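Novice: Sharing a structure here in structure tokens format.
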Amino acid sequence: MSENVAEKGTWTVKKGLAEMLKGGVIMDVTTPEQAKIAEEAGACAVMALERVPADIRAAGGVARMADPTVILRIMEAVTIPVMAKARIGHFVEAQILEALGVDYIDESEVLTPADEQHHINKHEFKVPFVCGARNLGEALRRIAEGAAMIRTKGEPGTGNVVEAVRHMRMVMGEIRRIQNMPKEELMSVAKELGAPYHLLLEVAETGKLPVVNFAAGGIATPADAALMMQLGCDGIFVGSGIFKSKDPQARAKAIVAATTHYQDPQILAEISRNLGEAMPGLEISSIMPEQRMQDRGW
Amino acid sequence: MLIGILALQGAFREHQWSFEKLGASTRQIRKPGELDGIDALVIPGGESTTMGKLLNDFDLMEPIKLMAKQGLPIFGTCAGLIMLAKRIRNSQQQTLALMDIEVERNAFGRQVESFEFNLDIPVLGKEPYNAVFIRAPYITEVDTGVEVLAHYGEKIVCARQGRFLVAAFHPELTGDLRIHKYFVEQVTNISN
């Protein structure tokens, strides 16, 4: 900074907001009332949507960015950060979300992709982006495009944590693997993973992703949230898991507590009681391959 | 010296690393029992609404207030500043209410308005401080007894009242350890 002026939309500022969300829970909401319930339960941010992933899955057809009216009403209802989703590659939806003033954009596989080859060039925006990833290569490609936060994809709208676990173990396992490699082997690993070499070098040196990494896609219980935290993620996204359950208020609060006290089985046992029924779950093998959201993204 | 870092939510690890670089021991605090034996407490950046609720739910609010009144030094950044303030504009949010300041939350606007700025903080020396403001609050009013340490324009963004130190920005996100050092050397030592 040569002149002393305020610099907006810098990498530090974009990445920094994600740092502030760590150890917290980001909840999908579709109405101002739900947003208030989430805030009251201790959510550190909300994701403003027209429909939660389970309903998007059930409805089929093309899922797009939410109606700006819905997003603005949710922004007015709460003081915590509000995120919203744009379709993969749909940079105009992202421009609209930035103009609305949302705090974070999720370029998300939950919506129907608008581009089957390219993601958004996220460096061009002042608003930060979060993107889904199933492995280290995918995470680093998104970061190279400008994502300031990563989350596992999991399999959204299923209430089944198995895919989120698979993706978190994959990312963490690959990080551990490259840390033990001599430097001359990293170029061919970069080729193998489809990862930008300079970011791969950084990960090998620091032993962690260059940005905050949350878990998402199938988390439905406090135990699921604590499991993902123990596997090494920085925080939790809950989509359908809260407002598709019998008692959203109690469940939301319990998942927040579980994300803080993820290493304390006594507290986890206490907060897991009397939550009512969780959302109905889906066996992953029952989903047709072309309907798997995690395969969207390049 | 053992510094407790409130670890309910937010950028607590970054504060921990900063203090460890200065040679201090640290402990993450999530439950009341973990407060025993700490010499100072840090309340990190994060979401103040979330932090306030978890402080209440896990019975940390009263023990911290009590220890503060008995002289525990506390350093709060961003959400931590909000937690220390006695008054918050347009909000009934529960806080520890320890410093005689009034605060406005999200006072610079939403995330697209978040910024970095080279801030003058005279107590840290001549070299400006790279301050990172993220959906930041600022202090709208201070009572007597509060020492203002930095302004951004007309706005108060860093202040101290006895053993309490607050910043509206995030010293834990930059490598500059001068504020952490100031807290350890100047703020926690006033009885010595």
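Please note that chains go A, B, ... in the order of the structure tokens, that every chain numbers its residues from 1, and that ligands are numbered from 1 in the order shown.
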If we count only C-alpha atoms, what is near range 168-183 of chain A at a cut-off of 7 Å, once residues fewer than 2 positions away on the same chain are taken out, given as number ranges by chain?

Specialist: A: 135-136, 152, 164-166, 185-186, 203-205, 207-208

Novice: Please determine the contact residues of chain B with respect to chain A at a cut-off of 9 Å, counting only C-alpha atoms, and supply them as a ChimeraX atom specification.

Specialist: /B:7-12,30,44-54,57,105-106,110-119,132-135,170,173-174

Novice: Which residues in range 171-276 of chain A does DSSP call strand (DSSP E)? List them as a count of residues only.

Specialist: 6

Novice: Do you know which residues are at most 12 Å from Gly60 in chain A counting only C-alpha atoms, after dropping those on the same chain fewer than 6 positions away, and could you put them as a ChimeraX atom specification?

Specialist: /A:51,53-54,110-112,290-293

Novice: Report as a ChimeraX atom specification: the residues of range 6-38 of chain A with a DSSP assignment of helix (DSSP H, G or I), based on the backbone of this structure.

Specialist: /A:11-21,32-38

Novice: Using only C-alpha atoms, determine which residues lie at most 9 Å from Leu177 in chain B, disregarding the query and same-chain residues fewer than 4 positions distant; provide the list as a PyMOL selection string.

Specialist: chain B and resi 18-19+21-22+171-172+181-182

Novice: Could you give me, as a ChimeraX atom specification, the residues within 7 Å of Val29 in chain A, counting only C-alpha atoms and dropping anything in the same chain fewer than 4 positions from it?

Specialist: /A:34-35,46-49

Novice: Can you tell me, as a VMD selection string, what residues are no more than 7 Å from range 81-88 of chain B when counting only C-alpha atoms, ignoring any on the same chain fewer than 2 positions away?

Specialist: chain B and resid 48 76 to 79 90 to 91 95 to 104 166 to 168

Novice: Tell me which protein, DNA and RNA residues are within 12 Å of Leu124 in chain B, counting only C-alpha atoms, leaving out same-chain ones fewer than 5 positions away, and put them as a list in words.

Specialist: Leu119, Tyr129, Leu149, Ala150, Cys158, Asp176, Leu177, Arg178, Ile179, His180, Lys181, Tyr182, Phe183, Glu185 and Gln186 of chain B

Novice: Counting only C-alpha atoms, which residue out of A:Gln117, A:Thr31, A:Thr221, A:Asn160 sits closest to Glu76 in chain A?

Specialist: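 Among the listed residues, A:Thr31 lies closest to Glu76 in chain A.
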
Novice: For CA of Met83 in chain A and CA of Arg151 in chain A, determine how far apart the two atoms are, in Å to one decimal place.

Specialist: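 Atom-to-atom, CA of Met83 in chain A to CA of Arg151 in chain A, that is 13.6 Å.
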
Novice: If I take CA of Glu109 in chain A and CA of Val189 in chain A, how far is one from the other in Å, to one decimal?

Specialist: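 Separation between CA of Glu109 in chain A and CA of Val189 in chain A: 25.9 Å.
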